[in-house]
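Text of entry-v5.csv, listed as CSV, C-alpha atoms:
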```csv
chain,number,residue,atom,x,y,z
A,156,MET,CA,4.7,-27.5,-0.9
A,157,PRO,CA,2.6,-24.5,0.0
A,158,GLU,CA,-0.9,-24.2,-1.4
A,159,LYS,CA,-1.3,-21.8,-4.3
A,160,VAL,CA,-3.1,-18.7,-3.2
A,161,GLY,CA,-5.2,-16.2,-5.1
A,162,ILE,CA,-7.2,-13.0,-4.5
A,163,VAL,CA,-10.8,-13.7,-5.4
A,164,GLY,CA,-12.7,-10.8,-4.0
A,165,ILE,CA,-12.0,-7.1,-3.4
A,166,GLY,CA,-13.9,-4.3,-1.6
A,167,GLN,CA,-12.9,-0.7,-1.0
A,168,THR,CA,-14.9,2.0,0.8
A,169,LYS,CA,-15.0,5.6,-0.4
A,170,PHE,CA,-12.0,7.4,1.2
A,171,ARG,CA,-12.4,10.9,2.8
A,172,SER,CA,-10.5,13.0,5.3
A,173,LYS,CA,-13.2,12.3,7.8
A,174,ARG,CA,-15.9,9.6,7.5
A,175,ARG,CA,-18.2,11.1,10.0
A,176,ASP,CA,-21.2,9.5,8.2
A,177,VAL,CA,-20.2,6.0,9.6
A,178,ASN,CA,-18.7,4.6,12.8
A,179,ILE,CA,-15.8,2.2,12.6
A,180,PRO,CA,-17.7,-1.1,12.2
A,181,GLU,CA,-20.1,0.5,9.7
A,182,MET,CA,-17.2,1.7,7.6
A,183,ILE,CA,-15.4,-1.7,7.7
A,184,TYR,CA,-18.6,-3.4,6.7
A,185,GLU,CA,-18.9,-1.3,3.6
A,186,ALA,CA,-15.6,-2.9,2.3
A,187,VAL,CA,-16.4,-6.4,3.7
A,188,LYS,CA,-19.8,-6.5,2.0
A,189,MET,CA,-18.3,-5.4,-1.3
A,190,ALA,CA,-15.6,-8.1,-1.1
A,191,LEU,CA,-18.1,-10.8,-0.2
A,192,ASP,CA,-20.5,-9.8,-3.0
A,193,ASP,CA,-17.5,-9.6,-5.4
A,194,ALA,CA,-16.6,-13.2,-4.7
A,195,GLN,CA,-20.3,-14.3,-4.4
A,196,LEU,CA,-19.6,-15.6,-0.9
A,197,GLU,CA,-21.6,-15.6,2.3
A,198,PRO,CA,-20.1,-14.8,5.8
A,199,ASP,CA,-20.3,-18.5,6.6
A,200,ASP,CA,-17.9,-19.3,3.7
A,201,ILE,CA,-15.0,-17.5,5.4
A,202,ASP,CA,-12.7,-19.6,7.6
A,203,ALA,CA,-10.7,-16.9,9.4
A,204,ILE,CA,-10.3,-13.1,9.5
A,205,LEU,CA,-7.2,-11.0,9.7
A,206,ILE,CA,-7.9,-7.4,10.6
A,207,GLY,CA,-5.8,-4.3,11.5
A,208,ASN,CA,-5.2,-0.6,11.5
A,209,ILE,CA,-2.0,1.3,12.4
B,114,MET,CA,-3.8,0.5,18.2
B,115,ASP,CA,-5.5,2.3,21.0
B,116,HIS,CA,-3.4,5.5,20.6
B,117,PHE,CA,-4.6,6.0,17.1
B,118,GLU,CA,-8.4,5.6,17.2
B,119,GLY,CA,-8.9,6.4,20.9
B,120,ILE,CA,-11.0,3.2,21.5
B,121,ASN,CA,-9.9,0.2,23.6
B,122,PHE,CA,-9.6,-3.1,21.7
B,123,SER,CA,-11.3,-1.9,18.6
B,124,GLU,CA,-10.1,-4.9,16.6
B,125,MET,CA,-12.2,-7.3,18.6
B,126,TRP,CA,-15.6,-5.8,18.0
B,127,CYS,CA,-14.7,-4.7,14.5
B,128,GLY,CA,-13.6,-8.2,13.6
B,129,ILE,CA,-16.9,-9.7,15.0
B,130,ASP,CA,-19.5,-7.0,14.2
B,131,ALA,CA,-18.2,-5.6,11.0
B,132,ALA,CA,-16.3,-8.6,9.5
B,133,PRO,CA,-18.0,-11.9,9.8
B,134,GLY,CA,-15.9,-13.1,12.7
B,135,TYR,CA,-18.5,-14.5,15.1
B,136,MET,CA,-17.1,-17.8,16.5
B,137,LYS,CA,-14.2,-17.8,14.0
B,138,PRO,CA,-10.5,-17.1,14.4
B,139,VAL,CA,-9.9,-13.4,14.3
B,140,VAL,CA,-6.4,-12.1,14.4
B,141,LYS,CA,-5.4,-8.5,14.7
B,142,ILE,CA,-2.2,-7.3,13.0
B,143,ALA,CA,-0.6,-3.9,13.5
B,144,THR,CA,2.9,-3.0,12.2
B,145,GLY,CA,2.5,0.7,11.7
B,146,GLY,CA,2.6,1.9,8.0
B,147,THR,CA,3.2,-1.7,6.8
B,148,THR,CA,0.0,-2.9,8.5
B,149,GLY,CA,-1.8,-3.4,5.2
B,150,SER,CA,1.1,-5.4,3.7
B,151,SER,CA,1.6,-7.4,6.9
B,152,LEU,CA,-2.1,-8.3,6.7
B,153,GLY,CA,-1.8,-9.0,3.0
B,154,ILE,CA,1.3,-11.3,3.4
B,155,SER,CA,-0.2,-13.0,6.5
B,156,GLY,CA,-3.4,-13.8,4.5
B,157,TYR,CA,-1.1,-15.5,2.0
B,158,TYR,CA,0.7,-17.5,4.8
B,159,ASN,CA,-2.7,-18.6,6.3
B,160,VAL,CA,-4.0,-20.0,3.0
B,161,ALA,CA,-0.6,-21.2,1.7
B,162,SER,CA,-0.1,-23.2,4.9
B,163,GLY,CA,-3.2,-25.3,4.0
B,164,ILE,CA,-4.9,-24.5,7.4
B,165,TYR,CA,-7.6,-22.3,5.9
B,166,ASP,CA,-9.3,-22.5,2.4
B,167,LYS,CA,-10.7,-18.9,2.4
B,168,VAL,CA,-9.6,-16.0,4.5
B,169,LEU,CA,-10.9,-12.4,4.7
B,170,VAL,CA,-8.2,-9.7,5.2
B,171,VAL,CA,-9.3,-6.3,6.3
B,172,GLY,CA,-7.3,-3.0,6.8
B,173,TRP,CA,-9.0,0.1,8.0
B,174,GLU,CA,-8.3,3.6,9.4
B,175,LYS,CA,-10.4,6.2,11.2
B,176,LEU,CA,-7.8,8.6,12.5
B,177,ASN,CA,-10.0,11.6,13.3
B,178,GLU,CA,-11.2,9.8,16.4
B,179,GLY,CA,-7.6,9.5,17.7
B,180,GLY,CA,-4.2,11.2,17.2
B,181,ALA,CA,-1.8,9.8,14.6
B,182,THR,CA,1.2,12.0,15.1
B,183,THR,CA,0.8,11.7,18.9
B,184,GLY,CA,1.0,8.0,18.5
B,185,ILE,CA,3.9,8.0,16.1
B,186,ILE,CA,6.0,10.3,18.2
B,187,THR,CA,6.0,7.7,21.0
B,188,ALA,CA,8.1,5.4,18.8
B,189,PHE,CA,11.0,7.8,18.8
B,190,ASP,CA,13.9,8.3,21.2
B,191,PRO,CA,13.0,11.4,23.2
B,192,VAL,CA,16.5,12.9,23.3
B,193,TRP,CA,18.1,12.1,19.9
B,194,GLU,CA,15.3,11.3,17.5
B,195,ARG,CA,12.3,13.5,18.4
B,196,PRO,CA,13.7,16.9,17.6
B,197,SER,CA,14.4,16.1,14.0
B,198,LEU,CA,12.6,12.8,13.2
B,199,ALA,CA,9.4,12.7,15.2
B,200,GLY,CA,6.1,12.0,13.5
B,201,ALA,CA,5.8,10.9,9.9
B,202,LEU,CA,7.0,14.2,8.3
B,203,GLY,CA,10.4,14.5,10.0
B,204,PRO,CA,12.0,11.4,8.6
B,205,LEU,CA,10.4,11.8,5.2
B,206,ALA,CA,11.6,15.4,4.9
B,207,LEU,CA,15.2,14.3,6.0
B,208,MET,CA,15.1,11.5,3.5
B,209,ALA,CA,14.0,13.9,0.7
B,210,ASN,CA,16.7,16.4,1.7
B,211,MET,CA,19.5,13.8,1.7
B,212,TYR,CA,18.3,12.2,-1.6
B,213,MET,CA,18.1,15.6,-3.3
B,214,ASN,CA,21.6,16.5,-2.2
B,215,GLU,CA,23.2,13.1,-2.9
B,216,TYR,CA,21.9,12.9,-6.5
B,217,ASN,CA,21.3,16.6,-7.3
B,218,VAL,CA,17.6,16.1,-8.0
B,219,SER,CA,15.4,19.2,-8.4
B,220,PRO,CA,12.2,19.8,-6.5
B,221,GLU,CA,10.4,20.1,-9.8
B,222,THR,CA,11.3,16.4,-10.6
B,223,ALA,CA,9.6,15.4,-7.3
B,224,ALA,CA,6.6,17.5,-8.1
B,225,MET,CA,6.2,15.6,-11.4
B,226,VAL,CA,5.5,12.5,-9.3
B,227,THR,CA,2.5,14.3,-7.6
B,228,VAL,CA,1.2,15.5,-11.0
B,229,LYS,CA,1.5,11.9,-12.4
B,230,ASN,CA,-0.2,10.2,-9.5
B,231,ARG,CA,-3.0,12.7,-8.9
B,232,SER,CA,-3.7,12.7,-12.6
B,233,ASN,CA,-4.0,8.9,-12.4
B,234,ALA,CA,-6.3,9.2,-9.3
B,235,ALA,CA,-8.8,11.0,-11.5
B,236,ASN,CA,-9.3,7.7,-13.3
B,237,ASN,CA,-9.9,5.9,-10.0
B,238,PRO,CA,-13.4,6.4,-8.5
B,239,PHE,CA,-12.1,5.2,-5.1
B,240,ALA,CA,-9.2,7.7,-4.8
B,241,HIS,CA,-9.6,10.3,-2.1
B,242,LEU,CA,-8.0,13.4,-3.7
B,243,GLN,CA,-9.6,14.2,-7.0
B,244,MET,CA,-7.5,16.8,-8.8
B,245,PRO,CA,-7.9,16.1,-12.5
B,246,LYS,CA,-6.5,19.5,-13.5
B,247,ILE,CA,-3.4,19.4,-11.3
B,248,THR,CA,-0.3,21.2,-12.7
B,249,LEU,CA,3.4,21.4,-11.9
B,250,ASP,CA,3.0,25.1,-10.9
B,251,TYR,CA,0.2,24.2,-8.5
B,252,VAL,CA,2.4,21.7,-6.7
B,253,MET,CA,5.4,23.9,-6.7
B,254,SER,CA,3.5,26.9,-5.4
B,255,SER,CA,2.0,25.0,-2.4
B,256,GLN,CA,3.2,25.8,1.1
B,257,THR,CA,6.5,24.3,2.3
B,258,ILE,CA,5.6,22.3,5.4
B,259,SER,CA,9.0,20.6,6.2
B,260,TYR,CA,11.8,21.5,3.9
B,261,PRO,CA,12.0,20.3,1.1
B,262,LEU,CA,8.4,18.9,1.3
B,263,ARG,CA,5.6,21.1,0.0
B,264,LEU,CA,2.0,20.4,0.9
B,265,HIS,CA,1.4,18.6,-2.4
B,266,ASP,CA,4.6,16.5,-2.1
B,267,CYS,CA,2.8,14.7,0.8
B,268,CYS,CA,0.0,12.2,1.0
B,269,PRO,CA,-3.3,13.1,2.6
B,270,GLN,CA,-4.8,11.5,5.8
B,271,SER,CA,-7.7,9.4,4.7
B,272,GLU,CA,-10.4,7.4,6.4
B,273,GLY,CA,-11.8,4.2,4.9
B,274,ALA,CA,-11.3,0.4,4.7
B,275,CYS,CA,-10.2,-2.2,2.2
B,276,ALA,CA,-11.2,-5.9,2.3
B,277,VAL,CA,-9.7,-8.7,0.3
B,278,ILE,CA,-10.7,-12.4,0.1
B,279,TYR,CA,-8.0,-15.0,-0.4
B,280,ALA,CA,-8.6,-18.6,-1.5
B,281,ASN,CA,-6.6,-21.7,-2.3
B,282,GLU,CA,-6.5,-23.0,-5.9
B,283,LYS,CA,-9.4,-25.4,-5.5
B,284,GLU,CA,-11.7,-22.8,-4.0
B,285,ALA,CA,-10.5,-20.0,-6.3
B,286,LYS,CA,-11.3,-21.9,-9.4
B,287,LYS,CA,-15.0,-22.2,-8.2
B,288,ILE,CA,-15.2,-18.5,-7.6
B,289,ARG,CA,-13.7,-16.8,-10.7
B,290,ASP,CA,-11.6,-17.3,-13.8
B,291,ASN,CA,-9.5,-14.1,-13.4
B,292,THR,CA,-8.0,-14.7,-10.0
B,293,ALA,CA,-4.9,-12.7,-9.1
B,294,TRP,CA,-2.3,-15.3,-8.0
B,295,PHE,CA,0.5,-14.7,-5.5
B,296,HIS,CA,3.8,-15.6,-7.1
B,297,SER,CA,6.0,-14.3,-4.2
B,298,VAL,CA,6.0,-12.3,-1.0
B,299,ALA,CA,8.9,-10.7,0.9
B,300,THR,CA,9.3,-8.9,4.1
B,301,ALA,CA,12.3,-6.8,5.2
B,302,HIS,CA,11.7,-5.5,8.7
B,303,TYR,CA,14.6,-4.2,10.8
B,304,TYR,CA,15.2,-1.8,13.6
B,305,THR,CA,17.8,0.9,13.5
B,306,PHE,CA,18.5,4.0,15.5
B,307,GLY,CA,17.2,6.8,13.3
B,308,CYS,CA,20.3,9.0,13.5
B,309,ASP,CA,22.5,6.2,12.3
B,310,ASP,CA,20.5,5.1,9.4
B,311,LYS,CA,21.1,5.7,5.7
B,312,MET,CA,18.0,7.8,5.3
B,313,TYR,CA,17.7,7.5,1.5
B,314,ASP,CA,17.9,4.6,-1.0
B,315,LEU,CA,15.6,2.5,1.3
B,316,PRO,CA,17.9,-0.6,1.8
B,317,THR,CA,14.9,-2.8,2.9
B,318,ALA,CA,13.3,-2.3,-0.5
B,319,THR,CA,16.4,-3.5,-2.3
B,320,ILE,CA,16.7,-6.6,0.0
B,321,ALA,CA,13.0,-7.4,-0.2
B,322,SER,CA,12.8,-6.9,-4.0
B,323,LYS,CA,15.8,-9.2,-4.7
B,324,LYS,CA,14.1,-12.0,-2.7
B,325,ALA,CA,10.7,-11.4,-4.3
B,326,TYR,CA,12.1,-11.2,-7.9
B,327,LYS,CA,14.1,-14.3,-7.5
B,328,LYS,CA,11.2,-16.4,-6.3
B,329,ALA,CA,8.8,-15.0,-9.0
B,330,GLY,CA,11.4,-15.4,-11.8
B,331,ILE,CA,11.6,-11.6,-12.4
B,332,ARG,CA,15.0,-10.8,-14.0
B,333,ASP,CA,14.5,-7.3,-15.2
B,334,PRO,CA,11.7,-5.6,-13.2
B,335,VAL,CA,11.0,-2.9,-15.9
B,336,LYS,CA,10.6,-5.6,-18.6
B,337,ASP,CA,9.1,-8.4,-16.6
B,338,LEU,CA,6.6,-6.5,-14.5
B,339,ASP,CA,3.6,-4.9,-16.2
B,340,VAL,CA,2.5,-2.5,-13.4
B,341,ALA,CA,3.6,-1.5,-9.9
B,342,GLU,CA,1.7,-0.1,-7.0
B,343,VAL,CA,4.5,1.5,-4.9
B,344,TYR,CA,3.9,2.9,-1.4
B,345,GLU,CA,4.9,6.5,-1.8
B,346,PRO,CA,4.1,8.7,1.2
B,347,THR,CA,5.8,11.6,-0.5
B,348,SER,CA,6.7,12.5,-4.2
B,349,TRP,CA,10.4,12.2,-3.3
B,350,ALA,CA,9.9,8.7,-1.9
B,351,GLU,CA,8.6,7.4,-5.2
B,352,LEU,CA,11.7,8.7,-7.0
B,353,SER,CA,14.0,7.1,-4.5
B,354,TRP,CA,12.1,3.8,-4.0
B,355,THR,CA,11.5,3.0,-7.6
B,356,GLU,CA,15.3,3.0,-7.7
B,357,ALA,CA,15.6,0.8,-4.6
B,358,LEU,CA,13.2,-1.6,-6.3
B,359,GLY,CA,15.5,-1.8,-9.3
B,360,PHE,CA,13.4,0.1,-11.8
B,361,ALA,CA,16.3,2.6,-12.3
B,362,GLU,CA,19.9,3.2,-11.2
B,363,PRO,CA,20.4,5.2,-8.0
B,364,GLY,CA,19.5,8.9,-8.6
B,365,LYS,CA,17.7,8.1,-11.9
B,366,GLY,CA,14.1,7.7,-10.7
B,367,GLY,CA,13.4,11.1,-12.1
B,368,GLU,CA,14.8,10.1,-15.5
B,369,ILE,CA,12.5,7.1,-15.9
B,370,LEU,CA,9.6,9.4,-15.0
B,371,ARG,CA,10.6,12.0,-17.5
B,372,GLU,CA,11.1,9.3,-20.2
B,373,GLY,CA,7.5,8.2,-19.5
B,374,ILE,CA,8.4,4.7,-18.3
B,375,THR,CA,6.5,5.0,-15.1
B,376,GLN,CA,3.6,7.0,-16.6
B,377,MET,CA,0.4,5.5,-17.8
B,378,GLY,CA,1.1,4.1,-21.3
B,379,GLY,CA,4.8,3.6,-20.3
B,380,GLU,CA,6.7,0.4,-20.1
B,381,LEU,CA,6.1,0.0,-16.3
B,382,PRO,CA,3.3,2.3,-15.1
B,383,VAL,CA,3.7,3.1,-11.4
B,384,ASN,CA,0.6,3.8,-9.3
B,385,PRO,CA,-2.2,3.9,-11.9
B,386,SER,CA,-4.6,4.1,-8.8
B,387,GLY,CA,-3.1,7.4,-7.8
B,388,GLY,CA,-1.0,5.8,-5.1
B,389,VAL,CA,-0.6,6.9,-1.5
B,390,LEU,CA,-0.2,10.6,-2.6
B,391,SER,CA,-3.9,10.4,-3.5
B,392,THR,CA,-5.3,8.1,-0.8
B,393,ASN,CA,-3.8,7.2,2.6
B,394,PRO,CA,-6.0,5.3,5.1
B,395,ILE,CA,-2.9,4.2,6.9
B,396,GLY,CA,-3.8,0.6,8.1
B,397,ALA,CA,-5.5,0.0,4.7
B,398,THR,CA,-2.9,1.9,2.5
B,399,ALA,CA,-0.6,-1.0,1.8
B,400,LEU,CA,-3.5,-3.5,1.4
B,401,VAL,CA,-5.0,-1.1,-1.2
B,402,ARG,CA,-1.7,-1.5,-3.0
B,403,PHE,CA,-2.3,-5.3,-3.0
B,404,ALA,CA,-5.9,-4.8,-4.0
B,405,GLU,CA,-5.1,-2.4,-6.9
B,406,ALA,CA,-2.3,-4.8,-8.1
B,407,ALA,CA,-4.9,-7.6,-8.1
B,408,ILE,CA,-7.4,-5.4,-9.9
B,409,GLN,CA,-4.8,-4.8,-12.7
B,410,ILE,CA,-4.2,-8.6,-13.0
B,411,MET,CA,-8.0,-9.2,-13.1
B,412,GLY,CA,-8.4,-6.6,-15.8
B,413,ARG,CA,-11.0,-4.7,-13.8
B,414,GLY,CA,-9.3,-1.3,-13.6
B,415,GLU,CA,-11.6,0.4,-16.1
B,416,LYS,CA,-10.2,3.9,-16.8
B,417,ARG,CA,-7.1,3.1,-14.7
B,418,GLN,CA,-6.5,-0.3,-16.3
B,419,VAL,CA,-3.0,-1.0,-17.8
B,420,PRO,CA,-3.4,-3.2,-20.9
B,421,ASP,CA,-2.5,-6.9,-20.8
B,422,VAL,CA,-1.2,-7.2,-17.2
B,423,GLU,CA,0.4,-10.6,-16.5
B,424,LYS,CA,2.7,-9.6,-13.5
B,425,ALA,CA,2.1,-6.9,-11.0
B,426,LEU,CA,4.1,-5.7,-7.9
B,427,ALA,CA,2.6,-4.3,-4.7
B,428,MET,CA,4.7,-2.6,-2.0
B,429,GLY,CA,4.1,-1.7,1.7
B,430,PHE,CA,6.3,0.7,3.6
B,431,GLY,CA,6.4,1.8,7.2
B,432,GLY,CA,7.8,1.4,10.7
B,433,SER,CA,11.6,1.8,10.9
B,434,LEU,CA,12.1,2.0,7.1
B,435,TRP,CA,10.5,-1.4,6.5
B,436,THR,CA,9.5,-2.8,3.1
B,437,GLU,CA,7.0,-5.6,2.3
B,438,LEU,CA,6.3,-6.8,-1.2
B,439,ALA,CA,4.0,-9.1,-3.2
B,440,ILE,CA,4.2,-10.1,-6.8
B,441,PHE,CA,1.0,-11.3,-8.5
B,442,GLY,CA,0.5,-13.2,-11.8
B,443,ASN,CA,-2.5,-13.9,-13.9
B,444,GLU,CA,-1.7,-17.7,-13.9
B,445,PRO,CA,-1.1,-19.8,-10.8
B,446,PRO,CA,2.7,-20.0,-10.0
B,447,ARG,CA,4.5,-23.1,-11.3
```
Could I get this structure in the form of structure tokens?
Amino acid sequence: MPEKVGIVGIGQTKFRSKRRDVNIPEMIYEAVKMALDDAQLEPDDIDAILIGNI
Amino acid sequence: MDHFEGINFSEMWCGIDAAPGYMKPVVKIATGGTTGSSLGISGYYNVASGIYDKVLVVGWEKLNEGGATTGIITAFDPVWERPSLAGALGPLALMANMYMNEYNVSPETAAMVTVKNRSNAANNPFAHLQMPKITLDYVMSSQTISYPLRLHDCCPQSEGACAVIYANEKEAKKIRDNTAWFHSVATAHYYTFGCDDKMYDLPTATIASKKAYKKAGIRDPVKDLDVAEVYEPTSWAELSWTEALGFAEPGKGGEILREGITQMGGELPVNPSGGVLSTNPIGATALVRFAEAAIQIMGRGEKRQVPDVEKALAMGFGGSLWTELAIFGNEPPR
């Protein structure tokens, strides 16, 4: 039987036509930090990362 | 993908510098428009398998540093497909045209989708396009960019990122008491030669939704789901694809909109977040659908919250007319 899976933390950046205020890692970190804070987790608590763009 | 952001191997240093991937498994996933939902579904598989307890899933897009249409055009046959189908707009315009003629649907009906979704976006502080006073006349008087698509029938190009943390039942219960639980996921990816395809009715959405509904115990989606985040790159797409998902009979997507069923306050609100017509950071777009469906389950939608959500659907669309779906519930699946 598969484990039951839930979403426990969510982060979204502000969305604009051009985010010239940040580079790619800075922009990604905005969302990652928000999601970690939302779940009250530290980076060490995460076992694996899936990441992608088009 | 390198075409799109103009940087070699961006996922490696993004996964390590920006997401906490140092000395951890980092996997890059790219499936075009469905990237966000492929990420979202793969996150589910990684935790459901029992291999990982907690997984971070990140979708992002920063297209002004690359060339999206240039990249997308490379996917099309140079002789037969490129003249009419290249880029994102070509196939979406053809789909809208065929749908309009097949079912005798008016451009005003499609424009109503934009008015609904952009009005909803005004309740979502994260939404890119903020047009709280948008009207039908405003949409209808916007420039035609590829018949029958007007400028405001189309989604914007957005930059930004979405991050979602997944946990198994034991870990989730330590973290929060309003977890959004996966009840089912479904993928329908195929390849077809563009000129041979049925360019409306999105068959993959019908295939994927039947699988997802069966597994999640959804008999009548309009009654059994409480909210849906549908991936609608154009206003026309939402009309057609709500039908393909079984919310309405073929050609009747406009009727359920006019009746108010898919509006806020209706029986099955579609895209309370404002949808893709308001925010489109491509690699993140479908993951935002997952995140917004989860926000509705958690009851954290504030001004965009639908009351008493127990079941929510999230959809990804992309590639060669692909569909990916997830259904969430407010209780763990039985």
With a distance threshold of 6 Å and counting all atoms listed in the file, extract the residues of chain A near chain B and express them as a ChimeraX atom specification. /A:157-173,180,183-184,186-187,190,198,201-209
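Closest approach to B:Glu372 among B:Met225, B:Ala399, B:Ile258, B:Ala329: B:Met225, based on only C-alpha atoms.
Reported to one decimal place, the separation of atom CA of B:Thr355 from atom CA of B:Pro382 is 11.1 Å.
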Quick one: distance from atom CA of B:Val340 to atom CA of B:Arg417 in Å, one decimal? 11.2 Å
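If you look at atom CA of B:Cys268 and atom CA of B:Met377, they are 20.0 Å away from each other.
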